[in-house]
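Undergrad: This is the content of structure_30.cif (mmCIF, C-alpha atoms):
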data_structure
loop_
_atom_site.label_atom_id
_atom_site.label_comp_id
_atom_site.auth_asym_id
_atom_site.auth_seq_id
_atom_site.Cartn_x
_atom_site.Cartn_y
_atom_site.Cartn_z
CA MET W 1 81.62 146.94 223.94
CA GLY W 2 82.12 147.29 220.23
CA ILE W 3 83.86 143.97 219.71
CA SER W 4 82.74 142.10 216.59
CA GLN W 5 83.10 138.36 216.50
CA ARG W 6 85.57 137.14 213.92
CA LEU W 7 87.47 134.02 212.96
CA TRP W 8 91.28 133.90 212.87
CA ILE W 9 93.53 131.47 211.06
CA ALA W 10 95.62 130.79 214.16
CA ILE W 11 99.06 130.47 212.59
CA ALA W 12 101.67 132.48 214.46
CA LEU W 13 104.02 132.74 211.48
CA TYR W 14 101.28 134.21 209.32
CA LEU W 15 100.53 136.79 212.00
CA LEU W 16 104.13 137.87 212.12
CA PHE W 17 103.90 138.85 208.46
CA LEU W 18 100.77 141.01 208.74
CA SER W 19 101.62 144.31 207.09
CA GLY W 20 100.92 147.60 208.82
CA SER W 21 98.50 148.57 206.04
CA GLN W 22 96.20 145.73 207.09
CA LEU W 23 95.80 147.08 210.61
CA THR W 24 93.07 149.49 211.64
CA ASN W 25 92.41 151.04 215.03
CA THR W 26 89.97 148.98 217.06
CA LYS W 27 86.76 150.90 217.17
CA ALA W 28 84.10 148.76 218.82
CA THR W 29 82.94 145.27 219.79
CA VAL W 30 80.45 142.97 218.06
CA LEU W 31 79.59 139.54 219.36
CA ALA W 32 79.33 136.39 217.25
CA SER W 33 75.99 135.60 218.83
CA ASP W 34 72.96 137.77 218.10
CA ASP W 35 74.05 141.26 219.20
CA SER W 36 70.86 141.63 221.24
CA ALA W 37 72.63 139.28 223.66
CA THR W 38 75.73 141.46 224.02
CA ASN W 39 77.39 141.26 227.41
CA LYS W 40 76.99 144.39 229.52
CA SER W 41 77.57 142.88 232.95
CA GLY W 42 80.48 140.74 234.03
CA PRO W 43 80.50 137.00 234.65
CA THR W 44 79.64 135.97 238.17
CA ASN W 45 83.34 135.39 238.88
CA GLY W 46 84.09 139.12 238.97
CA LEU W 47 85.47 140.31 235.63
CA PRO W 48 86.70 143.87 236.48
CA LEU W 49 84.41 145.87 234.18
CA ASP W 50 84.54 148.76 236.64
CA HIS W 51 88.20 149.49 235.77
CA VAL W 52 87.56 150.11 232.05
CA GLY W 53 86.43 153.61 231.10
CA LEU W 54 86.26 156.15 228.29
CA VAL W 55 89.26 158.10 226.96
CA ASN W 56 88.48 161.43 225.27
CA ASN W 57 84.80 160.42 225.12
CA GLY W 58 85.36 158.14 222.17
CA GLU W 59 87.83 155.35 222.92
CA SER W 60 88.56 153.00 225.81
CA GLY W 61 91.13 152.94 228.59
CA VAL W 62 91.96 151.00 231.75
CA TYR W 63 92.35 152.36 235.28
CA LEU W 64 95.37 150.56 236.72
CA GLY W 65 95.10 151.83 240.30
CA ASN W 66 96.43 154.41 242.73
CA TYR W 67 100.10 154.11 243.61
CA HIS W 68 101.56 156.40 246.27
CA GLY W 69 98.78 158.93 245.75
CA LYS W 70 98.99 158.84 241.94
CA SER W 71 96.14 157.39 239.85
CA TRP W 72 97.24 155.82 236.57
CA VAL W 73 95.37 155.05 233.34
CA LEU W 74 96.57 152.87 230.45
CA ALA W 75 95.37 153.59 226.91
CA ALA W 76 96.32 153.31 223.25
CA ASN W 77 98.68 156.11 222.29
CA HIS W 78 96.68 156.74 219.11
CA SER W 79 93.66 157.52 221.34
CA GLY W 80 95.12 159.30 224.37
CA PRO W 81 96.10 160.69 226.73
CA GLY W 82 93.25 162.98 227.71
CA SER W 83 90.06 162.92 229.73
CA PHE W 84 89.04 159.66 231.38
CA GLU W 85 85.47 158.89 232.37
CA LEU W 86 84.89 156.12 234.89
CA GLY W 87 81.72 155.38 236.81
CA GLY W 88 80.05 158.53 235.51
CA ILE W 89 82.88 160.80 236.73
CA THR W 90 85.22 162.55 234.28
CA TYR W 91 88.87 162.94 235.28
CA HIS W 92 91.56 164.87 233.42
CA SER W 93 95.11 163.89 232.57
CA LEU W 94 97.85 165.69 234.49
CA ALA W 95 100.35 167.70 232.48
CA GLY W 96 103.78 166.10 232.32
CA SER W 97 102.59 162.69 233.50
CA THR W 98 102.46 160.91 230.12
CA HIS W 99 104.71 157.92 229.46
CA GLN W 100 104.64 156.32 226.00
CA LEU W 101 106.00 152.83 226.59
CA LEU W 102 108.94 151.58 224.56
CA ASN W 103 109.23 148.40 222.52
CA PRO W 104 112.16 146.07 223.28
CA ASP W 105 114.14 147.80 220.51
CA SER W 106 113.55 151.20 222.24
CA THR W 107 111.12 152.48 219.58
CA PRO W 108 107.82 154.01 220.82
CA SER W 109 104.94 151.54 221.19
CA ASP W 110 101.23 152.30 220.92
CA ILE W 111 100.78 152.03 224.70
CA VAL W 112 100.60 155.12 226.90
CA LEU W 113 100.28 155.63 230.67
CA PHE W 114 99.08 158.89 232.21
CA GLN W 115 97.94 160.19 235.57
CA ILE W 116 94.46 161.55 236.26
CA ASP W 117 93.44 164.27 238.70
CA GLY W 118 91.43 162.11 241.08
CA ASP W 119 91.19 158.74 242.78
CA PRO W 120 88.35 156.47 241.60
CA GLY W 121 88.80 154.42 244.77
CA LEU W 122 89.24 151.07 243.08
CA PRO W 123 91.91 148.52 244.00
CA PRO W 124 94.97 148.21 241.72
CA LEU W 125 94.71 145.64 238.96
CA ASN W 126 96.94 142.58 238.90
CA LEU W 127 99.23 142.59 235.86
CA ALA W 128 100.02 139.32 234.11
CA PRO W 129 103.71 138.36 234.45
CA SER W 130 103.99 136.47 231.16
CA SER W 131 102.48 136.17 227.69
CA PRO W 132 99.36 134.02 227.26
CA THR W 133 99.74 130.54 225.86
CA ASN W 134 98.12 129.58 222.57
CA ARG W 135 94.43 128.70 222.97
CA ALA W 136 94.23 130.49 226.33
CA GLN W 137 90.85 132.17 226.79
CA VAL W 138 90.96 135.93 227.28
CA TYR W 139 88.19 138.42 228.04
CA MET W 140 88.04 141.70 226.09
CA ILE W 141 86.30 144.82 227.45
CA GLY W 142 85.63 148.07 225.61
CA PHE W 143 83.17 150.78 224.60
CA GLY W 144 83.02 150.13 220.85
CA GLN W 145 80.07 150.27 218.52
CA SER W 146 77.62 147.40 218.40
CA GLY W 147 76.71 145.22 215.46
CA GLN W 148 73.38 145.11 213.72
CA PRO W 149 71.06 142.45 215.17
CA ASN W 150 71.05 140.34 212.01
CA ARG W 151 73.99 138.86 210.15
CA SER W 152 75.12 140.19 206.79
CA TYR W 153 76.16 138.11 203.77
CA TRP W 154 78.49 138.93 200.89
CA ILE W 155 79.92 137.36 197.76
CA ASP W 156 83.70 137.81 197.56
CA GLN W 157 85.09 137.11 194.10
CA GLY W 158 88.34 139.04 194.50
CA GLY W 159 86.97 142.55 193.87
CA ALA W 160 84.42 144.66 195.69
CA TRP W 161 82.22 142.44 197.84
CA ILE W 162 78.63 142.01 196.66
CA PRO W 163 75.92 142.13 199.37
CA THR W 164 73.48 139.27 199.22
CA VAL W 165 70.74 137.60 201.27
CA PRO W 166 70.69 134.73 203.79
CA GLY W 167 70.55 131.35 202.07
CA ASP W 168 72.38 132.47 198.92
CA PRO W 169 74.67 129.50 198.08
CA ALA W 170 77.17 131.93 196.52
CA ALA W 171 77.68 133.79 199.82
CA ASN W 172 81.21 133.10 201.05
CA ARG W 173 81.57 135.90 203.64
CA ILE W 174 79.36 136.16 206.72
CA GLY W 175 79.48 138.68 209.55
CA TYR W 176 77.98 141.84 210.97
CA GLN W 177 77.76 145.48 209.98
CA TRP W 178 78.54 147.98 212.75
CA THR W 179 75.85 150.32 213.93
CA GLY W 180 75.16 152.79 216.70
CA VAL W 181 77.14 155.67 218.10
CA GLN W 182 80.76 155.77 219.18
CA PRO W 183 81.41 155.17 221.98
CA GLY W 184 78.93 152.41 222.48
CA PRO W 185 77.92 150.70 225.73
CA GLU W 186 80.56 148.87 227.74
CA GLN W 187 80.57 145.21 226.75
CA TRP W 188 82.78 142.16 227.07
CA GLY W 189 83.50 139.18 224.87
CA VAL W 190 85.92 136.27 224.74
CA GLY W 191 88.61 135.05 222.40
CA SER W 192 91.14 132.25 222.13
CA VAL W 193 94.79 133.27 221.75
CA GLY W 194 96.11 132.31 218.32
CA GLY W 195 99.74 133.42 218.31
CA SER W 196 102.03 136.45 218.49
CA THR W 197 102.06 139.42 216.11
CA ARG W 198 102.79 143.17 215.98
CA GLY W 199 100.33 146.00 216.44
CA ILE W 200 100.46 149.71 215.69
CA ASN W 201 104.02 151.12 216.01
CA GLN W 202 105.30 147.53 216.01
CA THR W 203 103.80 147.04 219.48
CA ARG W 204 104.45 143.50 220.72
CA ALA W 205 101.12 141.74 220.62
CA PHE W 206 99.12 138.53 220.50
CA CYS W 207 95.91 137.89 218.61
CA THR W 208 92.51 136.26 218.79
CA ARG W 209 90.36 135.23 215.86
CA PHE W 210 86.69 136.04 215.33
CA LEU W 211 84.81 132.75 215.65
CA ASP W 212 81.16 131.91 215.17
CA GLN W 213 80.83 130.93 218.82
CA MET W 214 78.77 132.24 221.73
CA ASN W 215 80.33 135.40 223.26
CA ASN W 216 83.28 135.36 220.84
CA ALA W 217 84.19 138.97 220.09
CA CYS W 218 85.92 141.31 217.65
CA GLY W 219 87.02 144.92 218.21
CA THR W 220 85.18 147.78 216.49
CA GLY W 221 85.10 151.59 216.70
CA GLY W 222 85.72 152.74 220.28
CA ASP W 223 87.49 149.66 221.64
CA SER W 224 91.05 150.93 221.21
CA GLY W 225 92.71 150.92 224.63
CA GLY W 226 90.21 148.48 226.10
CA GLY W 227 91.36 145.94 228.67
CA VAL W 228 92.02 142.26 227.98
CA PHE W 229 91.98 139.99 231.02
CA ILE W 230 92.84 136.40 231.80
CA ARG W 231 91.68 134.28 234.71
CA GLN W 232 94.50 132.62 236.66
CA GLY W 233 93.15 130.52 239.51
CA HIS W 234 90.94 132.85 241.54
CA GLN W 235 92.57 136.03 240.22
CA TRP W 236 91.87 138.24 237.23
CA GLN W 237 95.01 139.60 235.56
CA LEU W 238 95.30 142.39 233.00
CA ILE W 239 97.22 140.76 230.16
CA GLY W 240 96.56 142.96 227.14
CA MET W 241 95.17 146.12 225.53
CA LEU W 242 92.98 146.20 222.43
CA ASP W 243 95.13 147.87 219.77
CA ALA W 244 94.11 147.08 216.18
CA LEU W 245 92.18 144.87 213.78
CA SER W 246 93.41 142.94 210.79
CA GLY W 247 90.93 142.50 207.96
CA LEU W 248 90.47 140.97 204.51
CA ALA W 249 91.14 142.47 201.09
CA ASN W 250 88.22 144.65 199.91
CA GLN W 251 86.30 144.07 203.14
CA PRO W 252 83.60 146.77 203.44
CA ALA W 253 84.28 149.41 206.09
CA GLY W 254 82.48 149.02 209.40
CA THR W 255 82.07 145.26 209.24
CA SER W 256 83.17 142.19 211.19
CA VAL W 257 83.60 138.96 209.27
CA PHE W 258 83.93 135.39 210.49
CA ASN W 259 87.10 133.68 209.30
CA GLY W 260 88.54 137.04 208.38
CA ASN W 261 89.07 139.57 211.14
CA VAL W 262 91.72 139.32 213.83
CA ASN W 263 91.98 141.22 217.13
CA VAL W 264 95.53 142.50 217.61
CA ILE W 265 96.11 142.85 221.37
CA ALA W 266 99.14 144.55 222.92
CA ASP W 267 100.95 142.04 225.14
CA LEU W 268 101.40 143.99 228.38
CA SER W 269 103.69 141.35 229.87
CA GLN W 270 106.30 142.48 227.31
CA TYR W 271 106.18 145.95 228.92
CA ARG W 272 105.82 144.86 232.53
CA THR W 273 109.29 146.02 233.65
CA GLU W 274 108.71 149.55 232.34
CA ILE W 275 105.17 149.69 233.77
CA ASP W 276 106.45 148.65 237.19
CA ALA W 277 109.22 151.27 237.01
CA ILE W 278 106.59 153.97 236.39
CA LEU W 279 104.02 152.81 238.95
CA LEU W 280 106.51 151.64 241.56
CA PRO W 281 109.70 153.68 241.08
CA GLU W 282 111.00 152.76 244.52
CA ARG W 283 110.99 149.08 243.46
CA ALA W 284 113.08 149.98 240.39
CA ARG W 285 115.60 151.77 242.63
CA HIS W 286 115.67 148.97 245.20
CA PRO W 287 115.11 145.64 243.42
#
Now, as a test, write the supplied structure out as structure tokens.

TA:
Amino acid sequence: MGISQRLWIAIALYLLFLSGSQLTNTKATVLASDDSATNKSGPTNGLPLDHVGLVNNGESGVYLGNYHGKSWVLAANHSGPGSFELGGITYHSLAGSTHQLLNPDSTPSDIVLFQIDGDPGLPPLNLAPSSPTNRAQVYMIGFGQSGQPNRSYWIDQGGAWIPTVPGDPAANRIGYQWTGVQPGPEQWGVGSVGGSTRGINQTRAFCTRFLDQMNNACGTGGDSGGGVFIRQGHQWQLIGMLDALSGLANQPAGTSVFNGNVNVIADLSQYRTEIDAILLPERARHP
């Protein structure tokens, strides 16, 4: 997964003031640890990697399940709808099935649901009923680009960053440069929730910061629409969707920086009522 590890200043009020110009589509995942150790198989407690697939052969999406003979996929609106590849099989979106979810103020969010023309045969995912608490650990899954195996170092003096070498005492920015093709291999990484924010199209969201910790992750090219899960007791719940990244002023393109980059994750619990009405319309008619 193209998630790059980054560090976030976990102050909710600061997040609420992130301007739209600071957000970029999540493209991939880089890990804070050496990228040769990227996670391509789930933890032994069953992280549902098999439900996350490729949208339009370049971004990520999540198979929610089959409801009354209809198979549903969730993705970022800026990436889909379209084809959906899961387990080596490519499905196609059905005409007229697209639902762009609405924010609480009835404006369009960056979350889209669409039906596909087949049944992958996987059980429906459990959706989280409420927003994650601060410092809760979440697991991010996507098909973004990887990071180069060695860390990169820069000098940031307020203008264009100056590349430098390991051990330079003037280096004040450390991270990874992205590499490889998009989409990359499916990977997972973890993050600690640092507050609420807004994503693309003012999508209600929460965030995680890119930390220099084992398995900590940051979105890169190809991760948009990827699934974010939380473990509640013995159950995995889908709690979010990778939506955007927030970066630093003058940060070079295609990089992940500790103490700088923030994963902006759509908070699916804020859209749970509408999702249920689409997947389970009979429940909406008969509460």

Undergrad: Residues picked by the PyMOL selection byres ((chain W and resi 222) around 6) here, as a short mmCIF file (atom, residue, chain, number, x, y, z; two decimals) with C-alpha atoms, in the coordinates of the input?

TA:
data_model
loop_
_atom_site.label_atom_id
_atom_site.label_comp_id
_atom_site.auth_asym_id
_atom_site.auth_seq_id
_atom_site.Cartn_x
_atom_site.Cartn_y
_atom_site.Cartn_z
CA LYS W 27 86.76 150.90 217.17
CA ALA W 28 84.10 148.76 218.82
CA GLY W 58 85.36 158.14 222.17
CA GLU W 59 87.83 155.35 222.92
CA PHE W 143 83.17 150.78 224.60
CA GLY W 144 83.02 150.13 220.85
CA GLN W 182 80.76 155.77 219.18
CA PRO W 183 81.41 155.17 221.98
CA GLY W 221 85.10 151.59 216.70
CA ASP W 223 87.49 149.66 221.64
CA SER W 224 91.05 150.93 221.21
#

Undergrad: Identify, on the basis of all atoms listed in the file, every residue whose closest approach to W:Leu102 does not exceed 8 Å; exclude the query and any residue fewer than 6 positions from it along the same chain; express the result as a list of chain:residue names.

TA: W:Pro108, W:Ser109, W:Tyr271

Undergrad: Using all atoms listed in the file, I'd like a table of the residues in stretch 147-259 of chain W that come within 12 Å of stretch 123-142 of chain W; for each, show the closest atom pair and its distance in Å rounded to one decimal, ordered by chain and ascending number, as CSV.

TA:
residue,atom,partner,partner_atom,distance
W:Gln182,CA,W:Gly142,CA,11.2
W:Pro183,CA,W:Gly142,CA,9.0
W:Gly184,CA,W:Gly142,CA,8.6
W:Pro185,CA,W:Gly142,CA,8.1
W:Glu186,CA,W:Gly142,CA,5.6
W:Gln187,CA,W:Ile141,CA,5.8
W:Trp188,CA,W:Ile141,CA,4.4
W:Gly189,CA,W:Met140,CA,5.3
W:Val190,CA,W:Tyr139,CA,4.5
W:Gly191,CA,W:Val138,CA,5.5
W:Ser192,CA,W:Gln137,CA,4.7
W:Val193,CA,W:Arg135,CA,4.7
W:Gly194,CA,W:Asn134,CA,5.4
W:Gly195,CA,W:Asn134,CA,6.0
W:Ser196,CA,W:Asn134,CA,8.9
W:Arg204,CA,W:Ser131,CA,10.3
W:Ala205,CA,W:Ser131,CA,9.1
W:Phe206,CA,W:Pro132,CA,8.1
W:Cys207,CA,W:Asn134,CA,9.5
W:Thr208,CA,W:Val138,CA,8.6
W:Arg209,CA,W:Arg135,CA,10.5
W:Asn215,CA,W:Tyr139,CA,9.7
W:Asn216,CA,W:Tyr139,CA,9.2
W:Ala217,CA,W:Met140,CA,7.6
W:Cys218,CA,W:Met140,CA,8.7
W:Gly219,CA,W:Gly142,CA,8.2
W:Thr220,CA,W:Gly142,CA,9.1
W:Gly221,CA,W:Gly142,CA,9.6
W:Gly222,CA,W:Gly142,CA,7.1
W:Asp223,CA,W:Gly142,CA,4.7
W:Ser224,CA,W:Gly142,CA,7.5
W:Gly225,CA,W:Gly142,CA,7.7
W:Gly226,CA,W:Gly142,CA,4.6
W:Gly227,CA,W:Ile141,CA,5.3
W:Val228,CA,W:Met140,CA,4.4
W:Phe229,CA,W:Tyr139,CA,5.1
W:Ile230,CA,W:Val138,CA,4.9
W:Arg231,CA,W:Val138,CA,7.6
W:Gln232,CA,W:Ala128,CA,9.0
W:His234,CA,W:Asn126,CA,11.7
W:Gln235,CA,W:Asn126,CA,8.0
W:Trp236,CA,W:Asn126,CA,6.9
W:Gln237,CA,W:Asn126,CA,4.9
W:Leu238,CA,W:Leu127,CA,4.9
W:Ile239,CA,W:Ala128,CA,5.1
W:Gly240,CA,W:Ala128,CA,8.6
W:Met241,CA,W:Met140,CA,8.4
W:Leu242,CA,W:Met140,CA,7.6
W:Asp243,CA,W:Gly142,CA,11.2

Undergrad: Which residue is closest to W:Ile162? Choose from W:Gln251, W:Val181, W:Ser106, W:Val73 and count only C-alpha atoms.

TA: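 Closest to W:Ile162 of all the choices is W:Gln251.
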
Undergrad: Please measure the separation of atom CA of W:Gly46 and atom CA of W:Gly87, giving the value in Å to one decimal.

TA: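 Answer for the atom CA of W:Gly46 to atom CA of W:Gly87 separation: 16.6 Å.
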
Undergrad: Rounded to one decimal, what separation in Å do you get between atom CA of W:Ile200 and atom CA of W:Thr107?

TA: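 Here the two named atoms are 11.7 Å from each other.
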
Undergrad: Given all atoms listed in the file as the basis, pick out the residue of W:Gly121, W:Gly254, W:Gly233, W:Pro81 nearest to W:Leu54.

TA: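 Of W:Gly121, W:Gly254, W:Gly233, W:Pro81, the one nearest W:Leu54 is W:Pro81, counting all atoms listed in the file.
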
Undergrad: Please list as a list in words every residue within 12 Å of W:Thr164, counting only C-alpha atoms and excluding residues in the same chain fewer than 5 positions away.

TA: Arg151, Ser152, Tyr153, Trp154, Ile155, Asp156, Pro169, Ala170, Ala171, Asn172, Arg173, Ile174 and Gly175 of chain W

Undergrad: For the atom pair atom CA of W:Gly69 and atom CA of W:Asn45, what is the interatomic distance in Å to one decimal place?

TA: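 Interatomic distance, atom CA of W:Gly69 to atom CA of W:Asn45: 29.0 Å.
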
Undergrad: Please list as a list in words every residue within 7 Å of W:Ile116, counting all atoms listed in the file and excluding residues in the same chain fewer than 5 positions away.

TA: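 Near neighbours after the sequence-gap exclusion: Ser71, Trp72, Tyr91, His92, Ser93 and Leu94 of chain W.
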
Undergrad: Skipping near chain neighbours, those fewer than 6 positions away, what residues fall within 12 Å of W:Thr90 using only C-alpha atoms, listed as a list in words?

TA: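 Skipping anything fewer than 6 positions along the chain leaves Gly53, Leu54, Val55, Asn56, Asn57, Gly82, Ser83, Phe84, Ile116, Asp117, Gly118, Asp119 and Pro120 of chain W.
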
Undergrad: Output C-alpha atoms for every residue in the selection just made, as a PDB file, in the frame of the given file.

TA:
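Listing of selection.pdb after writing:
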ATOM      1  CA  GLY W  53      86.430 153.610 231.100  1.00  0.00           C
ATOM      2  CA  LEU W  54      86.260 156.150 228.290  1.00  0.00           C
ATOM      3  CA  VAL W  55      89.260 158.100 226.960  1.00  0.00           C
ATOM      4  CA  ASN W  56      88.480 161.430 225.270  1.00  0.00           C
ATOM      5  CA  ASN W  57      84.800 160.420 225.120  1.00  0.00           C
ATOM      6  CA  GLY W  82      93.250 162.980 227.710  1.00  0.00           C
ATOM      7  CA  SER W  83      90.060 162.920 229.730  1.00  0.00           C
ATOM      8  CA  PHE W  84      89.040 159.660 231.380  1.00  0.00           C
ATOM      9  CA  ILE W 116      94.460 161.550 236.260  1.00  0.00           C
ATOM     10  CA  ASP W 117      93.440 164.270 238.700  1.00  0.00           C
ATOM     11  CA  GLY W 118      91.430 162.110 241.080  1.00  0.00           C
ATOM     12  CA  ASP W 119      91.190 158.740 242.780  1.00  0.00           C
ATOM     13  CA  PRO W 120      88.350 156.470 241.600  1.00  0.00           C
TER      14      PRO W 120
END
